[in-house]
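K.L.:
So that you have it, the file is run25.txt, and it contains compact mmCIF, C-alpha atoms and all ligand atoms:
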```txt
# COMPACT_ATOMS: atom_id res chain seq x y z
CA MET A 696 12.37 75.35 20.85
CA PRO A 697 14.13 72.00 20.71
CA ALA A 698 17.48 71.67 22.37
CA GLU A 699 20.49 71.67 20.05
CA GLY A 700 21.42 68.18 18.82
CA GLY A 701 18.03 66.85 20.14
CA SER A 702 16.21 64.13 18.16
CA GLY A 703 12.73 65.70 18.11
CA SER A 704 9.79 66.72 20.25
CA PRO A 705 8.66 64.56 23.19
CA ILE A 706 5.43 63.85 21.18
CA SER A 707 7.23 62.46 18.09
CA ASP A 708 9.61 60.48 20.35
CA GLY A 709 6.58 58.91 22.02
CA LEU A 710 5.04 58.02 18.63
CA PHE A 711 8.33 56.39 17.49
CA VAL A 712 8.49 54.24 20.64
CA GLN A 713 4.81 53.26 20.22
CA SER A 714 5.17 52.26 16.53
CA TRP A 715 8.36 50.29 17.36
CA TRP A 716 6.35 48.19 19.81
CA LEU A 717 3.74 47.63 17.13
CA VAL A 718 6.30 46.45 14.56
CA LEU A 719 8.23 44.22 16.97
CA PRO A 720 5.75 41.27 16.97
CA VAL A 721 5.68 41.33 13.15
CA ILE A 722 9.48 41.15 13.05
CA MET A 723 9.47 38.30 15.58
CA LEU A 724 6.90 36.43 13.51
CA LEU A 725 8.98 36.85 10.37
CA VAL A 726 12.11 35.62 12.16
CA ALA A 727 10.20 32.58 13.53
CA ALA A 728 8.79 31.81 10.03
CA ALA A 729 12.30 32.07 8.56
CA PHE A 730 13.58 29.63 11.21
CA ILE A 731 10.74 27.16 10.47
CA VAL A 732 11.35 27.35 6.70
CA ALA A 733 15.11 26.84 7.25
CA PHE A 734 14.41 23.89 9.60
CA VAL A 735 12.03 22.24 7.11
CA LEU A 736 14.54 22.73 4.28
CA LEU A 737 17.26 21.18 6.43
CA LEU A 738 15.03 18.17 7.19
CA TYR A 739 14.31 17.74 3.47
CA MET A 740 18.03 17.84 2.77
CA ILE A 741 19.03 15.25 5.38
CA SER A 742 15.96 13.05 4.74
CA PRO A 743 17.64 10.83 2.10
CA LEU A 744 20.56 10.26 4.49
CA ILE A 745 18.42 8.51 7.11
CA SER A 746 16.23 6.53 4.66
CA PRO A 747 16.94 2.81 4.09
CA LYS A 748 19.55 1.89 1.49
CA ALA A 749 17.87 0.80 -1.75
CA LEU A 750 17.86 -2.96 -2.45
CA LYS A 751 19.57 -4.03 -5.67
CA LEU A 752 17.28 -6.38 -7.58
CA ASN A 753 19.96 -7.45 -10.02
CA GLY A 754 20.84 -11.03 -8.99
CA ALA A 755 18.36 -10.98 -6.07
CA HIS A 756 15.95 -13.84 -5.38
CA VAL A 757 12.34 -12.61 -5.38
CA VAL A 758 9.46 -14.89 -4.36
CA VAL A 759 6.04 -13.77 -5.59
CA THR A 760 2.97 -15.53 -4.22
CA GLY A 761 0.02 -15.10 -6.57
CA GLY A 762 2.64 -14.68 -9.30
CA SER A 763 0.68 -16.52 -11.98
CA SER A 764 -1.87 -13.78 -12.64
CA GLY A 765 -2.74 -10.07 -12.42
CA ILE A 766 -0.73 -7.79 -10.15
CA GLY A 767 1.55 -10.59 -8.88
CA LYS A 768 2.55 -11.60 -12.41
CA CYS A 769 3.30 -7.97 -13.32
CA ILE A 770 5.40 -7.56 -10.14
CA ALA A 771 7.38 -10.67 -11.16
CA MET A 772 7.90 -9.24 -14.66
CA GLU A 773 9.01 -5.87 -13.25
CA CYS A 774 11.56 -7.55 -10.95
CA TYR A 775 12.80 -9.77 -13.80
CA ARG A 776 13.34 -6.65 -15.93
CA GLN A 777 15.66 -5.44 -13.17
CA GLY A 778 17.71 -8.66 -13.22
CA ALA A 779 16.10 -10.67 -10.38
CA PHE A 780 15.70 -14.44 -10.12
CA ILE A 781 12.03 -15.28 -9.59
CA THR A 782 10.02 -17.95 -7.80
CA LEU A 783 6.36 -17.87 -8.79
CA VAL A 784 3.94 -19.38 -6.26
CA ALA A 785 0.28 -20.23 -6.96
CA ARG A 786 -1.96 -23.34 -7.08
CA ASP A 787 -2.85 -23.89 -10.76
CA GLU A 788 0.22 -25.44 -12.50
CA GLU A 789 -0.93 -24.63 -16.02
CA LYS A 790 -1.39 -20.95 -15.19
CA LEU A 791 2.03 -20.97 -13.51
CA LEU A 792 3.76 -22.35 -16.62
CA HIS A 793 2.02 -19.81 -18.80
CA ALA A 794 3.11 -16.97 -16.49
CA LYS A 795 6.68 -18.32 -16.40
CA LYS A 796 6.90 -17.94 -20.20
CA GLU A 797 5.64 -14.36 -20.00
CA VAL A 798 8.08 -13.45 -17.23
CA GLU A 799 10.99 -15.03 -19.12
CA LYS A 800 10.36 -12.64 -22.01
CA CYS A 801 11.44 -9.79 -19.69
CA ALA A 802 14.96 -11.21 -19.11
CA ILE A 803 17.90 -8.83 -19.25
CA ASN A 804 20.58 -11.54 -19.11
CA ASN A 805 20.78 -15.27 -19.85
CA LYS A 806 21.60 -16.29 -16.26
CA GLN A 807 18.16 -15.40 -14.93
CA VAL A 808 15.82 -18.22 -13.87
CA VAL A 809 12.08 -18.46 -13.19
CA LEU A 810 11.03 -21.23 -10.83
CA CYS A 811 7.39 -22.31 -10.41
CA ILE A 812 5.94 -23.75 -7.23
CA SER A 813 2.40 -25.01 -6.89
CA VAL A 814 1.05 -24.72 -3.36
CA ASP A 815 -1.95 -23.33 -1.53
CA VAL A 816 -0.38 -20.64 0.66
CA SER A 817 -3.33 -20.62 3.04
CA SER A 818 -3.86 -24.23 4.04
CA ASP A 819 -0.87 -25.78 5.81
CA TYR A 820 2.18 -23.97 7.19
CA SER A 821 4.56 -26.95 6.92
CA GLN A 822 3.80 -27.26 3.18
CA VAL A 823 4.54 -23.59 2.63
CA GLU A 824 7.73 -23.85 4.68
CA ASN A 825 8.85 -26.86 2.60
CA VAL A 826 8.35 -25.18 -0.76
CA ILE A 827 10.14 -22.02 0.36
CA LYS A 828 13.02 -24.23 1.51
CA GLN A 829 13.13 -25.88 -1.94
CA ALA A 830 13.12 -22.48 -3.64
CA GLN A 831 15.99 -21.27 -1.40
CA GLU A 832 18.00 -24.40 -2.19
CA LYS A 833 17.63 -23.76 -5.92
CA LEU A 834 17.89 -19.96 -6.15
CA GLY A 835 19.52 -18.95 -2.86
CA PRO A 836 18.10 -17.10 0.15
CA VAL A 837 15.05 -14.95 -0.46
CA ASP A 838 15.90 -11.26 -0.75
CA MET A 839 12.37 -10.06 -1.37
CA LEU A 840 9.06 -11.76 -0.61
CA VAL A 841 5.95 -10.43 -2.32
CA ASN A 842 2.76 -11.63 -0.61
CA CYS A 843 0.30 -11.05 -3.44
CA ALA A 844 -1.81 -14.24 -3.43
CA GLY A 845 -5.30 -13.16 -2.62
CA THR A 846 -8.90 -13.33 -3.53
CA SER A 847 -11.88 -11.09 -3.19
CA ILE A 848 -15.60 -11.36 -2.94
CA SER A 849 -18.15 -8.59 -2.67
CA GLY A 850 -21.73 -8.70 -1.56
CA LYS A 851 -24.01 -7.42 1.15
CA PHE A 852 -23.08 -8.72 4.61
CA GLU A 853 -26.21 -10.88 4.94
CA ASP A 854 -25.92 -12.22 1.36
CA VAL A 855 -22.35 -13.56 1.70
CA GLN A 856 -22.12 -17.20 2.78
CA VAL A 857 -20.72 -17.39 6.29
CA ASP A 858 -17.81 -19.67 5.33
CA ARG A 859 -16.51 -17.01 2.86
CA PHE A 860 -15.55 -14.76 5.80
CA LYS A 861 -13.27 -17.53 7.08
CA ARG A 862 -11.88 -18.34 3.63
CA LEU A 863 -10.92 -14.74 2.90
CA MET A 864 -9.09 -14.45 6.22
CA GLU A 865 -7.29 -17.71 5.41
CA VAL A 866 -6.17 -16.73 1.90
CA ASN A 867 -5.59 -13.00 2.29
CA TYR A 868 -4.25 -12.95 5.86
CA LEU A 869 -2.83 -16.39 6.77
CA GLY A 870 -1.72 -16.79 3.14
CA SER A 871 0.64 -13.87 3.83
CA VAL A 872 1.61 -14.90 7.37
CA TYR A 873 2.85 -18.38 6.32
CA PRO A 874 5.30 -17.42 3.53
CA THR A 875 6.58 -14.51 5.68
CA ARG A 876 7.16 -16.85 8.61
CA ALA A 877 9.04 -19.21 6.29
CA VAL A 878 11.57 -16.57 5.14
CA ILE A 879 11.99 -14.35 8.19
CA THR A 880 14.64 -16.35 10.10
CA THR A 881 17.05 -16.42 7.15
CA MET A 882 16.43 -12.74 6.44
CA LYS A 883 17.23 -11.89 10.07
CA GLU A 884 20.42 -13.98 9.95
CA ARG A 885 21.48 -12.17 6.77
CA ARG A 886 20.37 -8.82 8.16
CA MET A 887 18.71 -7.85 4.93
CA GLY A 888 15.47 -8.27 3.03
CA ARG A 889 12.18 -6.83 1.90
CA ILE A 890 8.68 -8.09 2.63
CA ILE A 891 5.68 -6.80 0.69
CA PHE A 892 2.07 -7.27 1.72
CA VAL A 893 -0.40 -6.50 -1.04
CA SER A 894 -3.39 -5.08 0.78
CA SER A 895 -5.93 -2.86 -1.02
CA GLN A 896 -7.57 0.55 -0.75
CA ALA A 897 -10.34 -1.53 0.84
CA GLY A 898 -7.73 -2.23 3.55
CA GLN A 899 -7.71 1.50 4.35
CA ILE A 900 -11.43 2.27 4.25
CA GLY A 901 -14.40 0.03 4.83
CA LEU A 902 -16.85 0.32 1.95
CA PHE A 903 -20.31 -1.02 1.20
CA GLY A 904 -20.10 -4.63 -0.02
CA TYR A 905 -16.63 -5.41 1.35
CA THR A 906 -17.48 -6.87 4.77
CA PRO A 907 -15.65 -10.15 4.05
CA TYR A 908 -12.76 -8.60 2.08
CA SER A 909 -11.86 -5.38 3.94
CA PRO A 910 -11.10 -7.01 7.33
CA SER A 911 -8.72 -9.49 5.68
CA LYS A 912 -6.83 -6.58 4.11
CA PHE A 913 -6.94 -4.37 7.25
CA ALA A 914 -5.39 -7.32 9.12
CA LEU A 915 -2.33 -7.17 6.86
CA ARG A 916 -1.70 -3.59 7.96
CA GLY A 917 -1.64 -4.63 11.64
CA LEU A 918 0.68 -7.52 10.85
CA ALA A 919 2.97 -5.26 8.82
CA GLU A 920 3.24 -2.57 11.53
CA SER A 921 4.04 -5.07 14.30
CA LEU A 922 6.49 -6.99 12.16
CA GLN A 923 8.26 -3.84 10.94
CA MET A 924 9.00 -2.82 14.54
CA GLU A 925 10.51 -6.26 15.22
CA ILE A 926 12.68 -6.53 12.13
CA LYS A 927 13.81 -2.97 11.44
CA PRO A 928 16.95 -3.40 13.59
CA TYR A 929 17.83 -6.32 11.28
CA ASN A 930 17.76 -4.02 8.24
CA ILE A 931 14.61 -5.70 6.89
CA TYR A 932 11.92 -3.38 5.53
CA VAL A 933 8.22 -4.03 5.12
CA THR A 934 6.03 -2.42 2.46
CA VAL A 935 2.23 -2.48 2.53
CA ALA A 936 0.76 -1.82 -0.90
CA PHE A 937 -2.75 -0.40 -1.21
CA PRO A 938 -3.71 -0.76 -4.90
CA PRO A 939 -6.94 0.76 -6.21
CA ASP A 940 -9.23 -1.22 -8.56
CA THR A 941 -6.86 -2.85 -11.05
CA ASP A 942 -7.73 -4.50 -14.35
CA THR A 943 -6.99 -8.18 -13.57
CA PRO A 944 -8.78 -11.55 -13.80
CA GLY A 945 -9.30 -11.19 -10.03
CA LEU A 946 -11.24 -7.92 -10.47
CA ALA A 947 -13.31 -9.41 -13.33
CA GLU A 948 -14.30 -12.25 -10.99
CA GLU A 949 -15.16 -9.85 -8.15
CA ASN A 950 -17.32 -7.72 -10.47
CA LYS A 951 -19.65 -10.69 -11.03
CA THR A 952 -21.15 -10.33 -7.56
CA LYS A 953 -20.58 -6.61 -6.94
CA PRO A 954 -23.67 -4.89 -5.51
CA LEU A 955 -24.83 -1.75 -7.37
CA GLU A 956 -23.76 0.47 -4.44
CA THR A 957 -20.21 -0.94 -4.47
CA ARG A 958 -20.01 -0.48 -8.25
CA LEU A 959 -21.17 3.15 -8.08
CA ILE A 960 -18.75 3.95 -5.25
CA SER A 961 -15.87 2.21 -7.10
CA GLU A 962 -16.67 4.20 -10.24
CA THR A 963 -15.83 7.46 -8.42
CA ALA A 964 -12.20 6.34 -8.93
CA GLY A 965 -10.76 4.82 -12.10
CA VAL A 966 -9.34 1.38 -12.87
CA CYS A 967 -5.55 1.05 -13.01
CA GLN A 968 -3.42 -1.20 -15.18
CA PRO A 969 -1.54 -3.95 -13.29
CA GLN A 970 1.78 -3.01 -14.94
CA HIS A 971 1.49 0.51 -13.50
CA VAL A 972 0.62 -0.79 -10.02
CA ALA A 973 3.51 -3.29 -10.18
CA LYS A 974 6.05 -0.58 -11.06
CA ILE A 975 5.02 1.52 -8.06
CA VAL A 976 4.97 -1.42 -5.63
CA VAL A 977 8.44 -2.60 -6.71
CA ARG A 978 9.85 0.95 -6.57
CA ASP A 979 8.52 1.49 -3.03
CA ALA A 980 9.72 -1.91 -1.81
CA VAL A 981 13.20 -1.39 -3.24
CA GLN A 982 13.38 1.99 -1.47
CA GLY A 983 12.07 0.45 1.76
CA ASN A 984 8.95 2.66 1.96
CA PHE A 985 6.38 1.35 4.43
CA LEU A 986 3.30 2.67 2.62
CA SER A 987 2.85 2.19 -1.11
CA SER A 988 -0.06 3.88 -2.85
CA VAL A 989 -1.09 4.57 -6.42
CA GLY A 990 -2.34 7.92 -7.78
CA PRO A 991 -3.61 11.05 -5.99
CA ASP A 992 -6.53 9.20 -4.30
CA GLY A 993 -4.12 6.57 -3.02
CA TYR A 994 -1.70 9.23 -1.76
CA MET A 995 -4.52 11.00 0.07
CA LEU A 996 -5.79 7.78 1.65
CA SER A 997 -2.32 6.77 2.82
CA ALA A 998 -1.65 10.19 4.38
CA LEU A 999 -5.10 10.16 6.03
CA THR A 1000 -4.76 6.66 7.47
CA CYS A 1001 -1.06 6.78 8.39
CA GLY A 1002 -1.87 6.73 12.14
CA MET A 1003 1.15 5.32 13.99
CA SER A 1004 2.64 3.66 10.92
CA PRO A 1005 6.41 3.91 10.53
CA VAL A 1006 7.90 6.59 8.31
CA THR A 1007 10.86 5.86 6.14
CA SER A 1008 11.84 9.46 5.50
CA ILE A 1009 11.42 12.82 7.23
CA THR A 1010 9.93 14.17 4.03
CA GLU A 1011 7.11 11.60 4.21
CA GLY A 1012 6.39 12.47 7.87
CA LEU A 1013 6.31 16.22 7.15
CA GLN A 1014 3.96 15.73 4.20
CA GLN A 1015 1.60 13.72 6.42
CA ILE A 1016 1.62 16.41 9.15
CA VAL A 1017 0.94 19.23 6.70
CA THR A 1018 -1.74 17.52 4.58
CA MET A 1019 -3.76 15.67 7.25
CA GLY A 1020 -6.35 18.41 7.98
CA LEU A 1021 -6.98 19.25 4.34
CA PHE A 1022 -7.31 15.57 3.37
CA ARG A 1023 -9.76 14.90 6.21
CA THR A 1024 -11.92 17.76 4.92
CA ILE A 1025 -11.90 16.29 1.39
CA ALA A 1026 -12.59 12.81 2.81
CA LEU A 1027 -15.70 14.07 4.59
CA PHE A 1028 -17.12 15.18 1.22
CA TYR A 1029 -16.36 11.73 -0.24
CA LEU A 1030 -18.03 10.01 2.74
CA GLY A 1031 -21.09 12.20 2.31
CA SER A 1032 -21.37 11.30 -1.38
CA PHE A 1033 -20.91 7.56 -0.65
CA ASP A 1034 -23.67 7.72 1.99
CA SER A 1035 -25.96 9.43 -0.48
CA ILE A 1036 -25.27 6.72 -3.13
CA VAL A 1037 -26.22 4.04 -0.58
CA ARG A 1038 -29.38 5.91 0.46
CA ARG A 1039 -30.45 6.50 -3.17
CA CYS A 1040 -29.99 2.82 -4.06
CA MET A 1041 -32.02 1.76 -1.01
CA ILE A 1042 -34.89 4.14 -1.87
CA GLN A 1043 -34.90 2.94 -5.52
CA ARG A 1044 -34.90 -0.71 -4.44
CA GLU A 1045 -37.77 -0.16 -1.99
CA GLN A 1046 -39.69 1.80 -4.66
CA ARG A 1047 -39.29 -1.08 -7.15
CA ALA A 1048 -40.41 -3.62 -4.54
CA ALA A 1049 -43.47 -1.48 -3.72
CA ASP A 1050 -44.31 -1.12 -7.46
CA LYS A 1051 -44.18 -4.89 -7.87
CA HIS A 1052 -46.62 -5.39 -5.01
CA GLU A 1053 -49.16 -2.99 -6.51
N1 LIG B 1101 -7.32 -6.33 -8.87
C1 LIG B 1101 -7.66 -5.41 -8.01
O1 LIG B 1101 -8.51 -4.54 -8.29
C2 LIG B 1101 -7.00 -5.37 -6.66
C3 LIG B 1101 -7.10 -4.19 -5.92
C4 LIG B 1101 -6.50 -4.14 -4.67
C5 LIG B 1101 -5.82 -5.23 -4.18
N2 LIG B 1101 -5.75 -6.36 -4.91
C6 LIG B 1101 -5.03 -7.49 -4.33
O2 LIG B 1101 -3.94 -7.83 -5.17
C7 LIG B 1101 -3.68 -9.22 -5.13
C8 LIG B 1101 -3.70 -9.77 -6.52
O3 LIG B 1101 -4.97 -9.52 -7.08
P1 LIG B 1101 -5.28 -9.77 -8.62
O4 LIG B 1101 -6.46 -8.96 -8.94
O5 LIG B 1101 -4.04 -9.63 -9.38
O6 LIG B 1101 -5.76 -11.29 -8.52
P2 LIG B 1101 -5.78 -12.49 -9.59
O7 LIG B 1101 -5.59 -11.99 -10.97
O8 LIG B 1101 -7.01 -13.26 -9.29
O9 LIG B 1101 -4.53 -13.35 -9.13
C9 LIG B 1101 -4.52 -13.98 -7.89
C10 LIG B 1101 -3.28 -14.82 -7.78
O10 LIG B 1101 -3.24 -15.42 -6.48
C11 LIG B 1101 -3.13 -16.84 -6.62
N3 LIG B 1101 -3.82 -17.45 -5.49
C12 LIG B 1101 -5.11 -17.26 -5.08
N4 LIG B 1101 -5.37 -18.00 -4.01
C13 LIG B 1101 -4.23 -18.68 -3.72
C14 LIG B 1101 -3.88 -19.60 -2.71
N5 LIG B 1101 -4.75 -20.01 -1.79
N6 LIG B 1101 -2.63 -20.10 -2.70
C15 LIG B 1101 -1.73 -19.72 -3.63
N7 LIG B 1101 -2.01 -18.85 -4.61
C16 LIG B 1101 -3.24 -18.32 -4.65
C17 LIG B 1101 -3.80 -17.13 -7.98
O11 LIG B 1101 -3.40 -18.35 -8.56
P3 LIG B 1101 -4.20 -19.75 -8.30
O12 LIG B 1101 -5.65 -19.41 -8.34
O13 LIG B 1101 -3.74 -20.65 -9.39
O14 LIG B 1101 -3.76 -20.22 -6.97
C18 LIG B 1101 -3.25 -15.95 -8.78
O15 LIG B 1101 -1.93 -16.20 -9.16
C19 LIG B 1101 -4.77 -9.81 -4.22
O16 LIG B 1101 -4.25 -9.95 -2.93
C20 LIG B 1101 -5.86 -8.76 -4.25
O17 LIG B 1101 -6.64 -8.79 -3.09
C21 LIG B 1101 -6.32 -6.45 -6.14
```
Take the structure from the file and write it as structure tokens.
Ligand SMILES: NC(=O)c1ccc[n+]([C@@H]2O[C@H](COP(=O)([O-])OP(=O)(O)OC[C@H]3O[C@@H](n4cnc5c(N)ncnc54)[C@H](OP(=O)(O)O)[C@@H]3O)[C@@H](O)[C@H]2O)c1
P.N.:
Amino acid sequence: MPAEGGSGSPISDGLFVQSWWLVLPVIMLLVAAAFIVAFVLLLYMISPLISPKALKLNGAHVVVTGGSSGIGKCIAMECYRQGAFITLVARDEEKLLHAKKEVEKCAINNKQVVLCISVDVSSDYSQVENVIKQAQEKLGPVDMLVNCAGTSISGKFEDVQVDRFKRLMEVNYLGSVYPTRAVITTMKERRMGRIIFVSSQAGQIGLFGYTPYSPSKFALRGLAESLQMEIKPYNIYVTVAFPPDTDTPGLAEENKTKPLETRLISETAGVCQPQHVAKIVVRDAVQGNFLSSVGPDGYMLSALTCGMSPVTSITEGLQQIVTMGLFRTIALFYLGSFDSIVRRCMIQREQRAADKHE
């Protein structure tokens, strides 16, 4: 018989103690999960507080290289719509004047000015430095530099003329180094500014047919990362944009020599409109985001290839940590399908060659 006031038999007491020990780890796990969720929520809440202050484009001087056509022209129009003063830089004067008229249609006040400068951004640094000086004398110090001048060529490695490899590095890489070098001292003195490098999704992954183009766009990423570390204490923020295929005269030109494999791989993603790309690039640059991508594919590629790139908000860093494994899994499927496209094209080509011989 149990003692008066007792809590139960020794057997049921033993069972209670045993089940308590079983439940304890579950409780600890729940408490830990609650702490993690609370911590993540806190980071999300304070994230905007440590992000760069947005740049006001109204009244700012924006220089756009490659501003006479395609993505560059649309970026200029987008900035003009937000009240900026614009310097368009490209070689062909006629195209520049035509673009100037289109940009002027986007004015939001009658003080805004569009200046045109004809120069090859890739050939001679002192020329580039001179024209940037002229632009600064007319429209004030540069607040935002958009390095968009670029060209592309596609073809199989052995089919591309050897001098094209050099030319693409000159235009796409040095053509971004020179204008940046020409504005950086003033930006550092003023402790403000934005620098945009327009790379490409082909600057994140190497694809069939892009052996001359991809390295010139990968190089921009290296430049951007190094430069960002140097100039961040001066409140200057770098944005690297990775647009997908975009409907521009540049893409139409590239399509003329595109190998079948490159075309089939490109077709797995769509073609964007330059106005849409421009809006995203300008938004990211104004906010001071380091990586700028377009659409779900672009987002996935940027998260996958973020490596040691700077983050501009805690939110961005957390998203990269959480999504990396899943995105790598998806990427492996993409890589497999690209490899199979390349293999199929090779087999078909060899079959056709064999049929001809017979
Ligand atoms: N379109 C796409 O699918 C795509 C995708 C990803 C990335 N991108 C990149 O986005 C940028 C713009 O491409 P887009 O398709 O808009 O090209 P686009 O329509 O051909 O325009 C290129 C612009 O760059 C200028 N330019 C070219 N070489 C120059 C040089 N040496 N010096 C000064 N200006 C020069 C051109 O004017 P002049 O010829 O008169 O000099 C033109 O204003 C490029 O860097 C490209 O690699 C494009």
K.L.:
Please report the interatomic distance between atom CA of Cys843 of chain A and atom CA of Phe1033 of chain A in Å with one decimal.
P.N.:
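Value for the atom CA of Cys843 of chain A-atom CA of Phe1033 of chain A distance: 28.4 Å.
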K.L.:
Compute the set of protein, DNA and RNA residues whose minimum atom distance to ligand LIG 1101 (chain B) is at most 7 Å, using all atoms listed in the file, and state it as a ChimeraX atom specification.
P.N.:
/A:760-767,784-788,790,814-817,843-847,866-867,870,893-896,937-946
K.L.:
For the interface of segment 941-981 of chain A with segment 821-842 of chain A (cut-off 10 Å, counting all atoms listed in the file), please tabulate each contacting residue of segment 941-981 of chain A alongside its nearest pair of atoms and their separation in Å to one decimal, rows sorted by chain and increasing number, as CSV.
P.N.:
```
residue,atom,partner,partner_atom,distance
A:Val976,CA,A:Val841,CA,9.6
A:Val977,CA,A:Val841,CA,9.3
A:Ala980,CA,A:Met839,CA,8.6
A:Val981,CA,A:Met839,CA,8.9
```
K.L.:
Restricting the output to C-alpha atoms, write the selected residues as an mmCIF file, in the coordinates of the input.
P.N.:
```
data_model
loop_
_atom_site.group_PDB
_atom_site.id
_atom_site.type_symbol
_atom_site.label_atom_id
_atom_site.label_comp_id
_atom_site.auth_asym_id
_atom_site.auth_seq_id
_atom_site.Cartn_x
_atom_site.Cartn_y
_atom_site.Cartn_z
ATOM 1 C CA VAL A 976 4.970 -1.420 -5.630
ATOM 2 C CA VAL A 977 8.440 -2.600 -6.710
ATOM 3 C CA ALA A 980 9.720 -1.910 -1.810
ATOM 4 C CA VAL A 981 13.200 -1.390 -3.240
#
```
K.L.:
For atom CA of Ala802 of chain A and atom CA of Ala771 of chain A, quote the distance in Å rounded to one decimal.
P.N.:
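Separation between atom CA of Ala802 of chain A and atom CA of Ala771 of chain A: 11.0 Å.
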K.L.:
Rounded to one decimal in Å, what is the spacing between atom CA of Glu956 of chain A and atom CA of Gln899 of chain A?
P.N.:
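Between atom CA of Glu956 of chain A and atom CA of Gln899 of chain A the gap works out to 18.3 Å.
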K.L.:
Which residue, A:Ser1035, A:Ser909, A:Gln1015, A:Thr875, has the smallest gap to Leu959 of chain A when you use all atoms listed in the file?
P.N.:
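With all atoms listed in the file as the atom set, the closest residue is A:Ser1035.
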K.L.:
So, with all atoms listed in the file as the atoms that count, which of A:Ser987, A:Ser961, A:Thr880, A:Thr906 lies closest to Phe860 of chain A?
P.N.:
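Between A:Ser987, A:Ser961, A:Thr880, A:Thr906, the residue approaching Phe860 of chain A most closely is A:Thr906.
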K.L.:
From the list A:Leu955, A:Met772, A:Leu724, A:Ile879, which residue is nearest Gly850 of chain A when using all atoms listed in the file?
P.N.:
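Closest to Gly850 of chain A, using all atoms listed in the file: A:Leu955.
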K.L.:
Point out the residue among A:Pro1005, A:Lys795, A:Arg862, A:Ile975 with the least atom-to-atom distance to Met924 of chain A, counting all atoms listed in the file.
P.N.:
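The closest residue to Met924 of chain A is A:Pro1005.
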K.L.:
Tell me which residues come within 10 Å of (10.4, 18.3, 5.9), as a PyMOL selection string, counting all atoms listed in the file in the file's coordinates.
P.N.:
chain A and resi 731-742+1008-1017
K.L.:
Within 10 Å of Tyr1029 of chain A, counting only C-alpha atoms, which residues qualify if same-chain residues fewer than 6 places away don't, as number ranges by chain?
P.N.:
A: 960, 963, 1023, 1035
K.L.:
Would you please work out which residue, of A:Ile900, A:Ala919, A:Cys1040, A:Val758, is nearest to Ala877 of chain A when using all atoms listed in the file?
P.N.:
A:Val758
K.L.:
Would you mind putting back N, CA and C atoms on segment 889-902 of chain A, then writing it out as a short mmCIF file (atom, residue, chain, number, x, y, z; two decimals), in the coordinates of the input?
P.N.:
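Result written to part32.cif:
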```cif
data_model
loop_
_atom_site.label_atom_id
_atom_site.label_comp_id
_atom_site.auth_asym_id
_atom_site.auth_seq_id
_atom_site.Cartn_x
_atom_site.Cartn_y
_atom_site.Cartn_z
N ARG A 889 13.39 -7.64 2.09
CA ARG A 889 12.18 -6.83 1.90
C ARG A 889 10.97 -7.76 1.93
N ILE A 890 9.92 -7.32 2.60
CA ILE A 890 8.68 -8.09 2.63
C ILE A 890 7.55 -7.18 2.18
N ILE A 891 6.80 -7.62 1.19
CA ILE A 891 5.68 -6.80 0.69
C ILE A 891 4.37 -7.51 1.02
N PHE A 892 3.43 -6.76 1.55
CA PHE A 892 2.07 -7.27 1.72
C PHE A 892 1.18 -6.49 0.76
N VAL A 893 0.52 -7.21 -0.13
CA VAL A 893 -0.40 -6.50 -1.04
C VAL A 893 -1.77 -6.46 -0.38
N SER A 894 -2.07 -5.29 0.17
CA SER A 894 -3.39 -5.08 0.78
C SER A 894 -4.30 -4.54 -0.31
N SER A 895 -4.99 -3.43 -0.06
CA SER A 895 -5.93 -2.86 -1.02
C SER A 895 -6.40 -1.53 -0.45
N GLN A 896 -6.96 -0.67 -1.30
CA GLN A 896 -7.57 0.55 -0.75
C GLN A 896 -8.72 0.16 0.19
N ALA A 897 -9.30 -1.03 -0.06
CA ALA A 897 -10.34 -1.53 0.84
C ALA A 897 -9.74 -2.01 2.16
N GLY A 898 -8.41 -1.95 2.27
CA GLY A 898 -7.73 -2.23 3.55
C GLY A 898 -7.43 -0.93 4.28
N GLN A 899 -7.88 0.19 3.70
CA GLN A 899 -7.71 1.50 4.35
C GLN A 899 -9.05 2.11 4.74
N ILE A 900 -10.08 1.80 3.91
CA ILE A 900 -11.43 2.27 4.25
C ILE A 900 -12.41 1.12 4.07
N GLY A 901 -13.35 1.04 4.97
CA GLY A 901 -14.40 0.03 4.83
C GLY A 901 -15.49 0.58 3.93
N LEU A 902 -15.82 -0.16 2.88
CA LEU A 902 -16.85 0.32 1.95
C LEU A 902 -17.99 -0.68 1.85
#
```
